[in-house]
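To start, the structure under review is shown below, and the notes come after it.
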Amino acid sequence: MAAAKKAVLGPLVGAVDQGTSSTRFLVFNSKTAELLSHHQVEIKQEFPREGWVEQDPKEILQSVYECIEKTCEKLGQLNIDVSNIKAIGVSNQRETTVVWDKLTGEPLYNAVVWLDLRTQPTVESLSKRIPENNNFVKSKTGLPLSTYFSAVKLRWLLDNVKKVQKAVEENRALFGTIDSWLIWSLTGGINGGVHCTDVTNASRTMLFNIHSLEWDKELCEFFGIPMEILPSVRSSSEIYGLMKISHSLKAGALEGVPISGCLGDQSAALVGQMCFQDGQAKNTYGTGCFLLCNTGHKCVFSEHGLLTTVAYKLGRDKPVYYALEGSVAIAGAVIRWLRDNLGIIQSSEEIEKLAKEVGTSYGCYFVPAFSGLYAPYWEPSARGIICGLTQFTNKCHIAFAALEAVCFQTREILDAMNRDCGIPLSHLQVDGGMTSNKILMQLQADILYIPVVKPSMPETTALGAAMAAGAAEGVGVWSLEPEDLSAVTMERFEPQINAEESEIRYSTWKKAVMKSIGWVTTQSPDSGDPSIFCSLPLGFFIVSSMVMLIGARYISG
């Protein structure tokens, strides 16, 4: 019997989307932007101590291999020839820090995740060394000094992990964010792997000058980081190296395919949403929530708690674009917490069903400040609270309040963005895994009191990485010219409550936020381990005069 003829679709582009919660590999048609196939694997997070968040870099790499292999199998079942994949892009969780041995290829410690809080004492001691009248860290990087960014995580590893110290002394250590670790590994690792990053990821390390687009000697000296361990910085769209994954037989067809796109996940979503014009913005709902507004070729510094960051640079000789960013630490992570820690849902999808049963939080407010508060507060002393509880409150109300929390946090960063930009957004473009939740999207429109617009294909982060890879010089299978970009079908959610009700709910939320601040004080120096962030437990405080009513039986029923 003759073999079935392979479908011819023209050039295809693959994208690795390595997030905090999961890894995906997706394949797109470069002419239509159609998603042809994908595979996803959930990633474990480890919490070795309160406030610490780690992941295994080898598990992350293995998940990438698995996703590539399974996607290639699925393409085969669809009769699509994987040899049509002409380029691969990488999008990644930003700031998460890896140090590995360039001779053995082994990580020297777990990846320290962007959410991790262990470096708060480091942040406090470093902040005392920044002159009040010359915050050179913020003016060069666009970032506030915070546990969020890579430099302080790397400083902690150099101070506390003997294997890292020894490897640095012996010139064996390489540092990178997840993109660097993946590109180095996928292009050969110890056999000639390319040690690089792109401008968007570099701009989140706190070691990178966003004006000169180079590693900054003064910043590296301030944080005590040896510059020789840093990756080379490239544009977001150029050929970095070729795939070498021959040990994965089923994905062998990708051997020699160029890796030619690299963007931090939020920049990738900005590109995938085609926000190429000054003033265009998008909000991504993932583990955290990230609102980015393209500010064109100029760095705009926020007066209202937002970050200034590199949006993208789509080619070696192309101009750099900047963005204002509002970052929320906990969005989808609160749903995972309700599933894994409280057990009130069995799967993330159940949250919509629970919320729908009641259609209101019944005066219950949830501030999920598990890692302190990011934008616009930058308040590391905050911790999660649920308040406004009564005997009537049940798990459905808490589920609804969790969804509302994501929307209220977005309202706070949108308000800050509008004040900084001077021109309020008339609608909000959204993407990310949580946007499949229709109740969440309607709540978001109600709380913002502007329409929320969602693309029918929600994988815009991977799409952005694929676009950058396909458009790279030497690949040239994806045109980024405005007239060539595919039209995207959108779903629109209009506000359905009156403006007054929206404002009342928002002002009550802000009252709850104020109650979450000031829970934690840094551990005193004589209390044993200086690397533990706080003397009070991470996670969760329930504020209510009815607190004695909440037991495991009550929460679950």
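By convention here, the chains of the structure tokens are called A, B, ... in the order presented, each chain's residues are numbered starting at 1, and ligands are numbered starting at 1 in the order presented.
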
List as a ChimeraX atom specification the protein and nucleic acid residues near region 38-45 of chain A, meaning an atom at most 9 Å away when only C-alpha atoms are counted, but skip any in the same chain fewer than 2 places from it.
/A:19-27,35-36,47,53-56,59-60,63-64,66-72,74-75,113

Closest atom pairs, region 241-350 of chain A residues within 10 Å of region 480-489 of chain A, only C-alpha atoms, as a tab-separated table:
residue	atom	partner	partner_atom	distance
A:Val271	CA	A:Leu480	CA	9.8
A:Gln273	CA	A:Val488	CA	9.1
A:Met274	CA	A:Leu485	CA	8.4
A:Phe276	CA	A:Pro482	CA	9.2
A:Leu314	CA	A:Leu480	CA	9.5

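The space between CA of Gln346 (chain A) and CA of His397 (chain A) spans 16.7 Å.
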
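Using only C-alpha atoms, the smallest distance between any of A:Ser139, A:Asn84, A:Ser516, A:Ser125 and Phe208 (chain A) comes from A:Ser139.
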
Find the residue from A:Ala151, A:Cys220, A:Ile345, A:Leu174 that sits nearest to Val99 (chain A); use only C-alpha atoms when measuring.
A:Leu174

Applying 12 Å and only C-alpha atoms, which residues near region 169-171 of chain A remain after dropping the ones on its own chain fewer than 4 positions away? List them as an NGL selection string.
:A and (100-103 or 158 or 162-165 or 175 or 226-230)

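Here the question is which of A:Asn394, A:Asn92, A:Asn209, A:Ser180 gets nearest to Gly241 (chain A) using only C-alpha atoms, and that residue is A:Ser180.
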
Per DSSP on the backbone, what are the strand (DSSP E) residues of region 272-415 of chain A, as a ChimeraX atom specification?
/A:281-285,289-296,307-312,321-328,365-367,384-387

With N, CA, C and O atoms retained, export the selected residues as a CSV table (one decimal), in the first residue's frame.
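Result saved to result06.csv:
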chain,number,residue,atom,x,y,z
A,281,ALA,N,-1.3,48.3,23.5
A,281,ALA,CA,-1.1,47.6,24.8
A,281,ALA,C,-1.8,46.3,24.8
A,281,ALA,O,-2.7,46.0,24.1
A,282,LYS,N,-1.2,45.3,25.6
A,282,LYS,CA,-1.9,44.0,25.8
A,282,LYS,C,-1.7,43.6,27.2
A,282,LYS,O,-0.7,44.0,27.9
A,283,ASN,N,-2.6,42.7,27.7
A,283,ASN,CA,-2.5,42.2,29.0
A,283,ASN,C,-2.5,40.7,28.9
A,283,ASN,O,-3.4,40.1,28.3
A,284,THR,N,-1.5,40.0,29.5
A,284,THR,CA,-1.3,38.5,29.4
A,284,THR,C,-1.7,38.0,30.8
A,284,THR,O,-1.1,38.4,31.8
A,285,TYR,N,-2.6,37.0,30.8
A,285,TYR,CA,-3.0,36.3,32.1
A,285,TYR,C,-2.3,34.9,32.1
A,285,TYR,O,-2.8,34.0,31.5
A,289,CYS,N,0.3,38.4,35.9
A,289,CYS,CA,-0.5,39.2,35.0
A,289,CYS,C,0.4,40.3,34.5
A,289,CYS,O,1.0,41.0,35.4
A,290,PHE,N,0.5,40.6,33.2
A,290,PHE,CA,1.5,41.5,32.7
A,290,PHE,C,0.9,42.4,31.7
A,290,PHE,O,0.5,41.9,30.6
A,291,LEU,N,0.8,43.7,32.0
A,291,LEU,CA,0.3,44.7,31.0
A,291,LEU,C,1.4,45.5,30.4
A,291,LEU,O,2.2,46.1,31.2
A,292,LEU,N,1.6,45.4,29.1
A,292,LEU,CA,2.7,46.1,28.4
A,292,LEU,C,2.1,47.1,27.4
A,292,LEU,O,1.2,46.7,26.7
A,293,CYS,N,2.7,48.3,27.4
A,293,CYS,CA,2.3,49.3,26.4
A,293,CYS,C,3.5,49.7,25.6
A,293,CYS,O,4.5,50.2,26.2
A,294,ASN,N,3.4,49.6,24.3
A,294,ASN,CA,4.5,50.0,23.5
A,294,ASN,C,4.7,51.5,23.5
A,294,ASN,O,3.8,52.3,23.3
A,295,THR,N,5.9,52.0,23.8
A,295,THR,CA,6.2,53.4,23.9
A,295,THR,C,7.1,53.9,22.8
A,295,THR,O,7.7,54.9,22.8
A,296,GLY,N,7.3,53.0,21.7
A,296,GLY,CA,8.1,53.3,20.6
A,296,GLY,C,9.6,53.3,20.9
A,296,GLY,O,10.1,52.5,21.7
A,307,LEU,N,7.2,49.6,35.3
A,307,LEU,CA,8.6,49.4,34.9
A,307,LEU,C,8.8,49.9,33.5
A,307,LEU,O,7.9,49.9,32.7
A,308,THR,N,10.1,50.3,33.2
A,308,THR,CA,10.5,50.6,31.8
A,308,THR,C,11.3,49.5,31.3
A,308,THR,O,12.2,49.0,32.0
A,309,THR,N,10.9,48.9,30.2
A,309,THR,CA,11.6,47.7,29.7
A,309,THR,C,11.8,47.7,28.2
A,309,THR,O,11.2,48.5,27.5
A,310,VAL,N,12.7,46.8,27.7
A,310,VAL,CA,12.8,46.7,26.3
A,310,VAL,C,11.7,45.8,25.8
A,310,VAL,O,11.4,44.7,26.3
A,311,ALA,N,11.0,46.3,24.8
A,311,ALA,CA,9.8,45.6,24.2
A,311,ALA,C,10.3,44.6,23.2
A,311,ALA,O,9.9,43.4,23.3
A,312,TYR,N,11.2,45.0,22.3
A,312,TYR,CA,11.7,44.0,21.3
A,312,TYR,C,12.7,44.8,20.4
A,312,TYR,O,12.7,46.0,20.3
A,321,TYR,N,12.6,48.9,20.4
A,321,TYR,CA,11.3,49.5,20.9
A,321,TYR,C,11.3,49.2,22.4
A,321,TYR,O,11.7,48.2,22.9
A,322,TYR,N,10.7,50.2,23.1
A,322,TYR,CA,10.5,50.1,24.6
A,322,TYR,C,9.1,50.0,25.0
A,322,TYR,O,8.2,50.2,24.2
A,323,ALA,N,8.9,49.6,26.2
A,323,ALA,CA,7.5,49.5,26.8
A,323,ALA,C,7.4,49.9,28.2
A,323,ALA,O,8.4,49.8,28.9
A,324,LEU,N,6.3,50.3,28.6
A,324,LEU,CA,5.9,50.5,30.0
A,324,LEU,C,5.3,49.2,30.5
A,324,LEU,O,4.4,48.6,29.7
A,325,GLU,N,5.6,48.7,31.6
A,325,GLU,CA,5.0,47.4,32.1
A,325,GLU,C,4.5,47.5,33.5
A,325,GLU,O,5.1,48.0,34.4
A,326,GLY,N,3.3,46.9,33.6
A,326,GLY,CA,2.7,46.7,35.0
A,326,GLY,C,2.7,45.2,35.2
A,326,GLY,O,2.2,44.4,34.5
A,327,SER,N,3.4,44.8,36.3
A,327,SER,CA,3.6,43.4,36.6
A,327,SER,C,2.9,43.0,37.9
A,327,SER,O,3.0,43.7,38.9
A,328,VAL,N,2.1,42.0,37.8
A,328,VAL,CA,1.3,41.4,38.9
A,328,VAL,C,1.9,40.0,39.2
A,328,VAL,O,1.9,39.2,38.2
A,365,TYR,N,-13.4,39.4,49.7
A,365,TYR,CA,-12.3,39.9,48.8
A,365,TYR,C,-11.0,39.1,49.1
A,365,TYR,O,-10.7,38.9,50.3
A,366,PHE,N,-10.3,38.8,48.1
A,366,PHE,CA,-9.1,38.0,48.2
A,366,PHE,C,-7.9,38.7,47.6
A,366,PHE,O,-8.0,39.1,46.4
A,367,VAL,N,-6.9,39.0,48.4
A,367,VAL,CA,-5.7,39.7,47.9
A,367,VAL,C,-4.6,38.6,47.9
A,367,VAL,O,-4.1,38.3,48.9
A,384,GLY,N,-0.9,37.4,51.5
A,384,GLY,CA,-2.3,37.1,51.0
A,384,GLY,C,-3.3,37.2,52.1
A,384,GLY,O,-3.0,36.7,53.3
A,385,ILE,N,-4.4,37.8,51.8
A,385,ILE,CA,-5.5,37.8,52.8
A,385,ILE,C,-6.9,37.5,52.1
A,385,ILE,O,-7.0,37.8,50.9
A,386,ILE,N,-7.8,36.9,52.8
A,386,ILE,CA,-9.2,36.9,52.4
A,386,ILE,C,-10.0,37.6,53.5
A,386,ILE,O,-9.8,37.3,54.7
A,387,CYS,N,-10.7,38.6,53.1
A,387,CYS,CA,-11.5,39.3,54.1
A,387,CYS,C,-13.0,39.5,53.7
A,387,CYS,O,-13.3,39.3,52.5

Give the alpha helix (DSSP H) residues of region 124-283 of chain A, as assigned by DSSP on the backbone, as a ChimeraX atom specification.
/A:124-127,136-141,150-160,162-169,178-186,199-202,217-223,265-272

I'd like the contact shell of Ile88 (chain A) - 10 Å cut-off, only C-alpha atoms, skipping same-chain residues fewer than 6 positions apart - returned as a PyMOL selection string.
chain A and resi 12-16+25-27+239+242-243+254+257-262+465-470

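Closest approach to Ile183 (chain A) from the set A:Thr197, A:Thr97, A:Ser302, A:Asn110 is made by A:Thr197, with distances taken over only C-alpha atoms.
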
Contacts of Ser426 (chain A) within 10 Å, only C-alpha atoms, excl. fewer than 4 positions in-chain, as a PDB file with all heavy atoms, in the first residue's frame:
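Printed below is result_14.pdb as written:
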ATOM      1  N   TYR A 449     -14.397  48.745  33.185  1.00  0.00           N
ATOM      2  CA  TYR A 449     -15.426  49.555  32.540  1.00  0.00           C
ATOM      3  C   TYR A 449     -15.011  50.006  31.136  1.00  0.00           C
ATOM      4  O   TYR A 449     -15.321  51.101  30.682  1.00  0.00           O
ATOM      5  CB  TYR A 449     -15.865  50.747  33.411  1.00  0.00           C
ATOM      6  CG  TYR A 449     -17.327  51.063  33.201  1.00  0.00           C
ATOM      7  CD1 TYR A 449     -18.305  50.166  33.607  1.00  0.00           C
ATOM      8  CD2 TYR A 449     -17.723  52.218  32.536  1.00  0.00           C
ATOM      9  CE1 TYR A 449     -19.647  50.417  33.363  1.00  0.00           C
ATOM     10  CE2 TYR A 449     -19.058  52.483  32.287  1.00  0.00           C
ATOM     11  CZ  TYR A 449     -20.022  51.565  32.708  1.00  0.00           C
ATOM     12  OH  TYR A 449     -21.358  51.809  32.459  1.00  0.00           O
ATOM     13  N   ILE A 450     -14.254  49.128  30.455  1.00  0.00           N
ATOM     14  CA  ILE A 450     -13.973  49.290  29.021  1.00  0.00           C
ATOM     15  C   ILE A 450     -14.077  47.890  28.391  1.00  0.00           C
ATOM     16  O   ILE A 450     -13.969  46.884  29.100  1.00  0.00           O
ATOM     17  CB  ILE A 450     -12.572  49.895  28.729  1.00  0.00           C
ATOM     18  CG1 ILE A 450     -11.453  49.041  29.362  1.00  0.00           C
ATOM     19  CG2 ILE A 450     -12.485  51.342  29.152  1.00  0.00           C
ATOM     20  CD1 ILE A 450     -10.048  49.455  28.963  1.00  0.00           C
ATOM     21  N   PRO A 451     -14.270  47.803  27.068  1.00  0.00           N
ATOM     22  CA  PRO A 451     -14.349  46.478  26.439  1.00  0.00           C
ATOM     23  C   PRO A 451     -13.030  45.709  26.549  1.00  0.00           C
ATOM     24  O   PRO A 451     -11.940  46.304  26.532  1.00  0.00           O
ATOM     25  CB  PRO A 451     -14.661  46.801  24.969  1.00  0.00           C
ATOM     26  CG  PRO A 451     -15.192  48.198  24.971  1.00  0.00           C
ATOM     27  CD  PRO A 451     -14.525  48.893  26.105  1.00  0.00           C
ATOM     28  N   VAL A 452     -13.136  44.404  26.660  1.00  0.00           N
ATOM     29  CA  VAL A 452     -11.979  43.502  26.666  1.00  0.00           C
ATOM     30  C   VAL A 452     -12.027  42.702  25.365  1.00  0.00           C
ATOM     31  O   VAL A 452     -13.069  42.137  25.014  1.00  0.00           O
ATOM     32  CB  VAL A 452     -12.032  42.572  27.902  1.00  0.00           C
ATOM     33  CG1 VAL A 452     -11.054  41.418  27.783  1.00  0.00           C
ATOM     34  CG2 VAL A 452     -11.753  43.378  29.172  1.00  0.00           C
TER      35      VAL A 452
END

Per-residue nearest contacts region 453-530 of chain A to region 439-448 of chain A, cut-off 8 Å, using only C-alpha atoms, as CSV:
residue,atom,partner,partner_atom,distance
A:Phe493,CA,A:Gln442,CA,5.9
A:Glu494,CA,A:Ala445,CA,5.9
A:Pro495,CA,A:Asp446,CA,4.4
A:Gln496,CA,A:Asp446,CA,6.0
A:Ile497,CA,A:Asp446,CA,6.0
A:Ser502,CA,A:Ile447,CA,5.4
A:Glu503,CA,A:Ile447,CA,7.8
A:Arg505,CA,A:Ile447,CA,7.9
A:Tyr506,CA,A:Ile447,CA,7.2

Grab the residues selected above and save them as a compact mmCIF listing (two decimals), in the first residue's frame with C-alpha atoms.
# COMPACT_ATOMS: atom_id res chain seq x y z
CA PHE A 493 -16.62 41.48 26.13
CA GLU A 494 -18.54 44.70 26.92
CA PRO A 495 -19.10 46.03 30.48
CA GLN A 496 -22.47 44.85 31.82
CA ILE A 497 -22.69 46.69 35.14
CA SER A 502 -17.74 49.08 39.32
CA GLU A 503 -16.18 51.93 41.36
CA ARG A 505 -16.25 47.22 44.20
CA TYR A 506 -12.86 48.63 43.21
